[in-house]
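Okay, query23.txt now, which holds compact mmCIF, C-alpha atoms and all ligand atoms:
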```
# COMPACT_ATOMS: atom_id res chain seq x y z
CA MET A 1142 19.73 124.38 80.66
CA THR A 1143 18.73 120.94 81.74
CA HIS A 1144 17.00 120.63 85.04
CA THR A 1145 18.49 118.76 87.97
CA ASP A 1146 19.45 115.24 87.05
CA ILE A 1147 19.79 113.48 90.36
CA SER A 1148 20.94 110.24 88.79
CA ARG A 1149 23.77 111.94 86.95
CA ARG A 1150 24.97 113.57 90.13
CA ASN A 1151 24.85 110.13 91.73
CA PHE A 1152 26.95 108.79 88.91
CA VAL A 1153 29.51 111.48 89.43
CA MET A 1154 29.60 110.92 93.14
CA THR A 1155 29.52 107.16 93.33
CA THR A 1156 31.41 105.58 90.47
CA SER A 1157 34.99 105.53 89.35
CA ALA A 1158 34.40 109.16 88.41
CA ALA A 1159 35.35 109.96 91.97
CA ALA A 1160 38.73 108.38 91.37
CA LEU A 1161 39.07 110.36 88.16
CA LEU A 1162 38.25 113.51 90.07
CA SER A 1163 41.24 113.22 92.32
CA ALA A 1164 43.57 111.92 89.62
CA THR A 1165 42.91 114.52 86.98
CA ALA A 1166 41.73 117.74 88.58
CA PRO A 1167 42.50 120.34 87.72
CA PHE A 1168 42.85 119.99 83.99
CA LEU A 1169 44.84 122.89 82.75
CA CYS A 1170 44.21 124.65 79.50
CA ALA A 1171 47.86 124.59 78.62
CA HIS A 1172 47.79 125.17 74.89
CA ALA A 1173 48.59 128.84 75.05
CA ALA A 1174 52.01 128.32 76.54
CA PRO A 1175 54.54 130.92 75.47
CA ALA A 1176 56.55 129.98 72.39
CA ALA A 1177 60.31 129.50 72.63
CA ASP A 1178 60.92 133.12 71.61
CA GLY A 1179 58.69 134.27 74.44
CA SER A 1180 55.82 135.40 72.22
CA GLN A 1181 52.31 134.21 73.06
CA THR A 1182 50.88 131.58 70.72
CA LYS A 1183 47.79 132.97 69.01
CA LYS A 1184 44.69 131.37 70.44
CA ARG A 1185 41.83 130.01 68.37
CA ARG A 1186 38.73 132.20 68.69
CA TRP A 1187 35.71 130.44 70.15
CA PHE A 1188 32.21 131.81 70.77
CA ASP A 1189 29.87 129.95 73.10
CA THR A 1190 26.20 130.81 72.55
CA HIS A 1191 24.88 129.20 75.72
CA ILE A 1192 26.34 130.11 79.11
CA HIS A 1193 24.34 130.40 82.34
CA VAL A 1194 25.68 132.69 85.05
CA SER A 1195 24.69 133.77 88.50
CA ASP A 1196 26.39 136.18 90.86
CA VAL A 1197 24.82 134.34 93.78
CA GLY A 1198 26.32 131.00 94.82
CA ARG A 1199 24.51 127.83 95.78
CA ASP A 1200 25.02 128.82 99.40
CA GLY A 1201 22.93 131.93 98.74
CA LYS A 1202 25.93 134.24 99.20
CA LYS A 1203 26.69 137.04 96.76
CA ARG A 1204 29.80 136.42 94.67
CA ALA A 1205 31.65 139.66 95.22
CA LYS A 1206 34.20 139.09 92.46
CA MET A 1207 31.88 137.46 89.93
CA LEU A 1208 33.29 139.25 86.89
CA ASP A 1209 36.92 138.55 87.79
CA GLU A 1210 36.14 134.90 88.44
CA LEU A 1211 34.30 134.59 85.13
CA LEU A 1212 37.00 136.35 83.13
CA ASP A 1213 39.56 134.08 84.78
CA VAL A 1214 37.82 131.15 83.04
CA LEU A 1215 38.24 132.92 79.71
CA ASP A 1216 41.86 133.88 80.41
CA ARG A 1217 43.01 130.41 81.42
CA CYS A 1218 41.32 128.61 78.53
CA ASP A 1219 43.24 127.32 75.52
CA ALA A 1220 41.00 129.41 73.24
CA ASP A 1221 40.24 133.11 72.90
CA LEU A 1222 36.77 132.73 74.37
CA ARG A 1223 33.68 134.87 74.11
CA PHE A 1224 30.45 134.02 75.90
CA ALA A 1225 26.79 134.77 75.27
CA VAL A 1226 25.50 134.81 78.85
CA CYS A 1227 22.04 134.43 80.34
CA PRO A 1228 20.79 134.05 83.92
CA ASP A 1229 20.97 130.89 86.00
CA ALA A 1230 19.71 129.37 89.21
CA GLY A 1231 17.66 131.55 91.58
CA TYR A 1232 17.34 134.30 89.00
CA VAL A 1233 15.58 131.84 86.69
CA SER A 1234 13.23 130.39 89.29
CA ALA A 1235 12.20 133.83 90.56
CA MET A 1236 10.82 134.61 87.08
CA ARG A 1237 8.19 131.90 87.52
CA THR A 1238 6.09 134.03 89.82
CA ASP A 1239 7.55 137.53 89.90
CA PRO A 1240 7.51 139.68 86.75
CA ALA A 1241 10.00 142.13 88.34
CA ALA A 1242 12.54 139.30 88.55
CA MET A 1243 13.07 139.55 84.78
CA LEU A 1244 14.67 142.98 84.98
CA THR A 1245 16.67 141.99 88.05
CA ALA A 1246 18.09 138.91 86.30
CA ASN A 1247 18.88 140.67 83.05
CA ARG A 1248 20.46 143.59 84.90
CA MET A 1249 22.80 141.12 86.63
CA VAL A 1250 23.84 139.90 83.17
CA TYR A 1251 24.22 143.47 81.89
CA GLU A 1252 26.45 144.45 84.81
CA LEU A 1253 28.85 141.67 83.77
CA CYS A 1254 28.71 142.35 80.04
CA ARG A 1255 29.15 146.11 80.17
CA ARG A 1256 32.42 145.62 82.06
CA ALA A 1257 33.74 143.03 79.58
CA PRO A 1258 32.99 144.44 76.13
CA GLY A 1259 33.79 142.09 73.27
CA ARG A 1260 34.09 139.14 75.65
CA LEU A 1261 30.70 138.78 77.33
CA HIS A 1262 27.48 139.39 75.40
CA GLY A 1263 24.06 139.55 77.02
CA CYS A 1264 21.08 137.30 76.38
CA CYS A 1265 17.67 138.50 77.51
CA MET A 1266 15.68 135.89 79.41
CA VAL A 1267 11.96 136.52 79.88
CA ASN A 1268 8.83 134.71 80.98
CA PRO A 1269 6.22 135.51 78.30
CA ASN A 1270 3.40 134.80 80.75
CA PHE A 1271 4.15 138.30 82.04
CA THR A 1272 3.85 139.69 78.54
CA ASP A 1273 3.89 143.45 79.12
CA GLU A 1274 6.87 143.30 81.47
CA ALA A 1275 8.66 140.87 79.13
CA LEU A 1276 8.29 143.33 76.25
CA ARG A 1277 9.45 146.22 78.45
CA VAL A 1278 12.53 144.30 79.59
CA MET A 1279 13.33 143.35 75.98
CA LYS A 1280 13.18 147.02 75.01
CA ILE A 1281 15.79 147.81 77.66
CA CYS A 1282 18.01 144.80 76.88
CA PHE A 1283 18.02 145.22 73.12
CA GLY A 1284 17.32 148.95 72.80
CA GLU A 1285 19.70 150.22 75.50
CA TRP A 1286 22.04 147.45 76.62
CA GLY A 1287 23.04 145.89 73.31
CA PHE A 1288 22.06 142.33 74.15
CA VAL A 1289 22.52 139.90 71.25
CA GLN A 1290 19.97 137.14 71.85
CA LEU A 1291 16.55 136.38 73.34
CA GLY A 1292 16.62 133.40 75.69
CA GLU A 1293 17.25 130.84 76.71
CA MET A 1294 13.51 130.32 76.40
CA LEU A 1295 12.91 127.93 79.30
CA THR A 1296 9.38 126.79 78.48
CA TYR A 1297 9.50 123.86 80.90
CA ILE A 1298 10.55 125.98 83.89
CA HIS A 1299 8.43 129.05 83.23
CA ASN A 1300 5.44 127.04 82.12
CA TYR A 1301 4.62 128.29 78.64
CA LYS A 1302 4.76 127.08 75.04
CA MET A 1303 6.63 128.77 72.21
CA ALA A 1304 3.39 128.57 70.21
CA ASP A 1305 1.36 130.45 72.88
CA ALA A 1306 -0.12 133.77 71.75
CA ALA A 1307 1.87 135.63 74.42
CA THR A 1308 5.14 134.02 73.35
CA GLU A 1309 4.38 134.88 69.74
CA LYS A 1310 4.32 138.57 70.75
CA VAL A 1311 7.72 138.16 72.36
CA VAL A 1312 9.14 136.34 69.31
CA ARG A 1313 7.78 139.03 66.98
CA ALA A 1314 9.47 141.66 69.15
CA ALA A 1315 12.76 139.74 68.78
CA VAL A 1316 12.31 140.01 65.01
CA THR A 1317 12.02 143.79 65.29
CA TYR A 1318 15.28 143.90 67.27
CA ASP A 1319 16.81 141.45 64.76
CA VAL A 1320 18.08 139.06 67.44
CA PRO A 1321 17.89 135.25 67.41
CA VAL A 1322 15.56 133.34 69.73
CA HIS A 1323 17.36 130.69 71.75
CA VAL A 1324 14.90 127.88 72.54
CA HIS A 1325 15.39 124.97 74.95
CA VAL A 1326 15.01 121.67 73.10
CA GLY A 1327 15.66 118.70 75.40
CA THR A 1328 18.93 116.97 74.59
CA TYR A 1329 18.17 113.42 75.69
CA TRP A 1330 15.72 111.09 77.25
CA HIS A 1331 16.55 109.90 80.70
CA LYS A 1332 14.24 108.17 83.16
CA LYS A 1333 14.71 111.05 85.56
CA ALA A 1334 15.17 113.90 83.09
CA GLY A 1335 11.59 115.12 83.65
CA SER A 1336 10.13 117.91 81.54
CA SER A 1337 13.58 119.25 80.68
CA GLY A 1338 14.21 116.17 78.55
CA ASP A 1339 10.92 116.35 76.65
CA GLY A 1340 12.83 117.21 73.48
CA MET A 1341 10.45 115.93 70.84
CA ASN A 1342 7.43 117.84 72.16
CA GLN A 1343 9.61 120.91 72.59
CA LEU A 1344 10.74 120.57 68.96
CA ALA A 1345 7.13 120.24 67.79
CA ASP A 1346 6.24 123.39 69.74
CA LEU A 1347 9.17 125.24 68.16
CA MET A 1348 8.09 124.10 64.69
CA LEU A 1349 4.61 125.55 65.31
CA ILE A 1350 5.91 129.01 66.22
CA ALA A 1351 8.40 128.87 63.32
CA GLU A 1352 5.48 128.27 60.97
CA ARG A 1353 3.69 131.34 62.29
CA VAL A 1354 6.78 133.56 62.59
CA PRO A 1355 9.17 132.23 59.93
CA GLU A 1356 11.07 135.51 59.83
CA ALA A 1357 12.51 134.87 63.30
CA LYS A 1358 15.89 133.17 63.71
CA TYR A 1359 15.65 130.13 65.99
CA ILE A 1360 18.50 128.47 67.82
CA LEU A 1361 17.74 124.88 68.85
CA ALA A 1362 19.58 124.96 72.18
CA HIS A 1363 21.62 121.83 72.92
CA ALA A 1364 19.99 119.94 70.03
CA ILE A 1365 23.14 117.90 69.52
CA GLY A 1366 24.27 116.25 72.70
CA CYS A 1367 24.47 112.96 74.48
CA GLY A 1368 25.01 113.41 78.22
CA PRO A 1369 27.90 111.93 80.13
CA THR A 1370 26.88 108.25 80.36
CA PRO A 1371 25.00 105.69 78.22
CA ASP A 1372 22.01 106.13 80.56
CA PHE A 1373 21.24 109.28 78.62
CA ILE A 1374 19.51 108.45 75.33
CA SER A 1375 20.36 111.21 72.86
CA TRP A 1376 17.59 112.95 70.90
CA ALA A 1377 20.07 114.19 68.28
CA ASP A 1378 19.19 111.61 65.62
CA MET A 1379 15.47 112.06 66.23
CA ILE A 1380 15.83 115.82 65.92
CA LEU A 1381 17.75 115.46 62.65
CA ASP A 1382 15.25 112.83 61.39
CA THR A 1383 12.35 115.13 62.21
CA ILE A 1384 13.83 118.19 60.52
CA LYS A 1385 14.65 116.07 57.46
CA GLY A 1386 11.18 114.50 57.40
CA VAL A 1387 9.15 117.67 57.95
CA TYR A 1388 10.90 120.14 55.65
CA PRO A 1389 11.64 119.73 51.93
CA ALA A 1390 14.98 121.49 52.48
CA TYR A 1391 16.93 122.49 55.58
CA PRO A 1392 15.10 125.46 57.19
CA ARG A 1393 17.49 128.39 57.00
CA ASN A 1394 15.89 130.02 60.06
CA PHE A 1395 17.10 127.13 62.29
CA TRP A 1396 20.52 127.23 63.89
CA ILE A 1397 21.60 123.97 65.52
CA GLU A 1398 23.57 124.23 68.74
CA ILE A 1399 26.14 121.53 69.47
CA ARG A 1400 26.54 120.98 73.19
CA ASP A 1401 28.29 117.64 73.74
CA PHE A 1402 30.92 117.41 71.01
CA GLN A 1403 31.58 113.73 71.67
CA CYS A 1404 27.99 112.99 70.59
CA ALA A 1405 27.81 110.09 68.12
CA ALA A 1406 25.49 112.12 65.87
CA LEU A 1407 28.12 114.82 65.30
CA ALA A 1408 29.30 113.38 61.96
CA ARG A 1409 25.72 113.11 60.72
CA THR A 1410 25.05 116.67 61.91
CA LEU A 1411 27.98 117.91 59.84
CA ARG A 1412 26.67 116.09 56.78
CA GLU A 1413 23.05 117.24 57.05
CA VAL A 1414 23.08 120.74 58.51
CA PRO A 1415 24.59 123.57 56.43
CA VAL A 1416 27.87 124.51 58.08
CA ASP A 1417 26.75 128.14 58.42
CA ARG A 1418 23.83 127.00 60.59
CA LEU A 1419 25.86 125.30 63.35
CA LEU A 1420 26.82 126.86 66.67
CA SER A 1421 28.81 125.91 69.72
CA GLY A 1422 26.86 126.20 72.96
CA THR A 1423 27.89 124.12 75.91
CA ASP A 1424 25.26 125.16 78.48
CA TRP A 1425 28.25 125.77 80.75
CA THR A 1426 27.26 127.04 84.16
CA THR A 1427 28.73 128.80 87.14
CA ARG A 1428 27.11 126.37 89.57
CA ILE A 1429 30.37 125.00 90.95
CA GLY A 1430 32.89 127.51 92.33
CA PRO A 1431 34.38 130.05 92.32
CA PRO A 1432 36.97 129.35 91.19
CA PHE A 1433 34.75 128.17 88.36
CA GLN A 1434 35.44 124.95 86.54
CA ASN A 1435 37.42 125.09 83.33
CA TYR A 1436 35.51 125.79 80.16
CA GLY A 1437 34.87 122.51 78.36
CA THR A 1438 33.52 120.78 81.44
CA MET A 1439 30.14 119.27 80.55
CA PHE A 1440 26.92 120.73 81.88
CA ASP A 1441 26.42 120.23 85.62
CA MET A 1442 29.44 117.92 85.80
CA LYS A 1443 32.33 117.86 88.22
CA GLU A 1444 35.40 118.76 86.25
CA GLY A 1445 37.45 115.74 87.31
CA ALA A 1446 34.71 113.42 86.06
CA ASN A 1447 34.54 115.00 82.61
CA PRO A 1448 34.80 112.25 79.97
CA PHE A 1449 37.44 114.24 78.04
CA PRO A 1450 39.94 117.00 78.90
CA PRO A 1451 37.85 120.15 79.40
CA GLU A 1452 39.31 122.44 76.76
CA VAL A 1453 38.44 123.74 73.33
CA ALA A 1454 41.13 121.48 71.84
CA SER A 1455 38.87 118.54 72.77
CA PHE A 1456 35.92 120.04 70.88
CA VAL A 1457 38.18 120.69 67.90
CA GLY A 1458 39.41 117.11 68.02
CA PHE A 1459 35.85 115.74 68.01
CA LEU A 1460 34.93 118.01 65.10
CA ARG A 1461 37.97 116.92 63.06
CA LYS A 1462 37.21 113.28 63.76
CA ALA A 1463 33.63 113.86 62.57
CA GLY A 1464 34.90 115.24 59.26
CA ALA A 1465 35.01 119.01 59.81
CA SER A 1466 37.60 121.02 57.89
CA GLU A 1467 39.58 123.83 59.52
CA ALA A 1468 37.26 126.33 57.80
CA ASP A 1469 34.22 124.45 59.14
CA ILE A 1470 35.65 124.52 62.67
CA ASP A 1471 36.21 128.27 62.47
CA ARG A 1472 32.59 128.71 61.34
CA ILE A 1473 31.08 126.42 64.00
CA GLY A 1474 33.31 127.62 66.81
CA TYR A 1475 33.29 131.32 66.09
CA GLN A 1476 32.19 132.93 62.83
CA ASN A 1477 28.57 131.74 62.74
CA ALA A 1478 27.84 133.22 66.16
CA ARG A 1479 29.69 136.43 65.33
CA GLU A 1480 27.61 136.86 62.16
CA LEU A 1481 24.35 135.90 63.86
CA TYR A 1482 25.00 138.53 66.55
CA LYS A 1483 26.15 141.05 63.93
CA LEU A 1484 29.45 141.68 65.72
CA PRO A 1485 32.46 143.19 63.96
CA ALA A 1486 34.96 140.83 62.33
ZN ZN A 1501 18.26 124.31 78.06
```

Just dump the structure as structure tokens.
Ligand SMILES: [Zn+2]
Amino acid sequence: MTHTDISRRNFVMTTSAAALLSATAPFLCAHAAPAADGSQTKKRRWFDTHIHVSDVGRDGKKRAKMLDELLDVLDRCDADLRFAVCPDAGYVSAMRTDPAAMLTANRMVYELCRRAPGRLHGCCMVNPNFTDEALRVMKICFGEWGFVQLGEMLTYIHNYKMADAATEKVVRAAVTYDVPVHVHVGTYWHKKAGSSGDGMNQLADLMLIAERVPEAKYILAHAIGCGPTPDFISWADMILDTIKGVYPAYPRNFWIEIRDFQCAALARTLREVPVDRLLSGTDWTTRIGPPFQNYGTMFDMKEGANPFPPEVASFVGFLRKAGASEADIDRIGYQNARELYKLPA
């Protein structure tokens, strides 16, 4: 999750993107068209590790058909999609001050996941400042509800550090449940990105907790990305430089999440990060709609302004161009997440 980028919204609203919006919306995920014999073409499996959802719209109204609207995104996509989902919007901000908001938010996620087994998987978001309640909520999420991931850890919103003593307790609990810890690492510098974009300090903080709790599995959320315009200065190379400079070998407890597949650093990422340590997580949100925008639309972007057709075929194309083999694409797009979450083949 990247906090409100006013300038990007302005870009979307005020430039030729507006023209694009009318000319190209809606993109259709048309790759699953029936074959000539009437049989359905088999879709590529794709697992997204980073999806924010809310069953309350921006207008404050409850979305009565939230699950149907969300599953419609999966159904109309060109891939056989599965999502790891965590809370968004008001559910996230309420956790700043109200410990009870953690259970409320995670229960909203659970209510979606339990009705879509095998398609939606829960991620437990907590604010470690409320340590006792965070640990209690984790016990419910992982012990009873079958959630697959802790996070996204939104240090910059909930005002904590990964290396804080309270957060260490939460991370150690994740180890006991054998779930990965999904940590926000700012994707890019932008003059108005604020604390969300403070990627290098967030990486340093993550490295400190990883030193103390090396047995945890860490996902560097949206580590590889670029943003929609050249105004966004990508951290991807700095993140890769830092990992290379700090560790004698690639740290096997780090999973790197690719968010913006058109990122220039994608080819380097494929060369330097073991292919079994790469994940696809687009930070896709339910902020616009319903109907929700097609999967493949960049974070917080209007679909018509997306710099490429919003579909998994685009991600696959970028991966191929960056040198990924078909086996690599299957790992990055699906198998690595499935294994990390210990889901059946
Ligand atoms: Zn984030």

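Each of A:Pro1448, A:Gly1287, A:Pro1431, A:Gly1422 was compared to Leu1212 of chain A using all atoms listed in the file, and A:Pro1431 turns out to be the nearest.
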
Let me make sure I understand: among A:Trp1286, A:Tyr1359, A:Tyr1251, A:Phe1449, which one has the smallest atom-to-atom distance to Gly1437 of chain A if we use only C-alpha atoms?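 Closest to Gly1437 of chain A, using only C-alpha atoms: A:Phe1449.
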
Taking the point (16.2, 137.5, 57.7) as given in the file, collect each protein or nucleic acid residue that comes within 10 Å of it, counting only C-alpha atoms, and present the set as a list in words.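 I get Val1316, Asp1319, Pro1355, Glu1356, Ala1357, Lys1358, Arg1393 and Asn1394 of chain A for the residues within 10 Å of that point.
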
Which neighbours of Gly1259 of chain A fall inside 12 Å, counting only C-alpha atoms, when residues of the same chain fewer than 2 positions from it are skipped, and could you give them as a ChimeraX atom specification? /A:1186,1188,1212,1221-1225,1253-1257,1261-1263,1287-1289,1479,1482,1484-1486

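Every protein, DNA or RNA residue with an atom at most 9 Å from Thr1296 of chain A, where all atoms listed in the file count and chain neighbours fewer than 5 positions away do not, is listed here: Asn1268, Tyr1301, Lys1302, Met1303, Val1324, His1325, Ser1337 and Gln1343 of chain A.
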
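The closest residue to ligand ZN 1501 (chain A), picked from A:Ala1362, A:Ile1473, A:Val1267, A:Leu1481 and counting only C-alpha atoms and all ligand atoms, is A:Ala1362.
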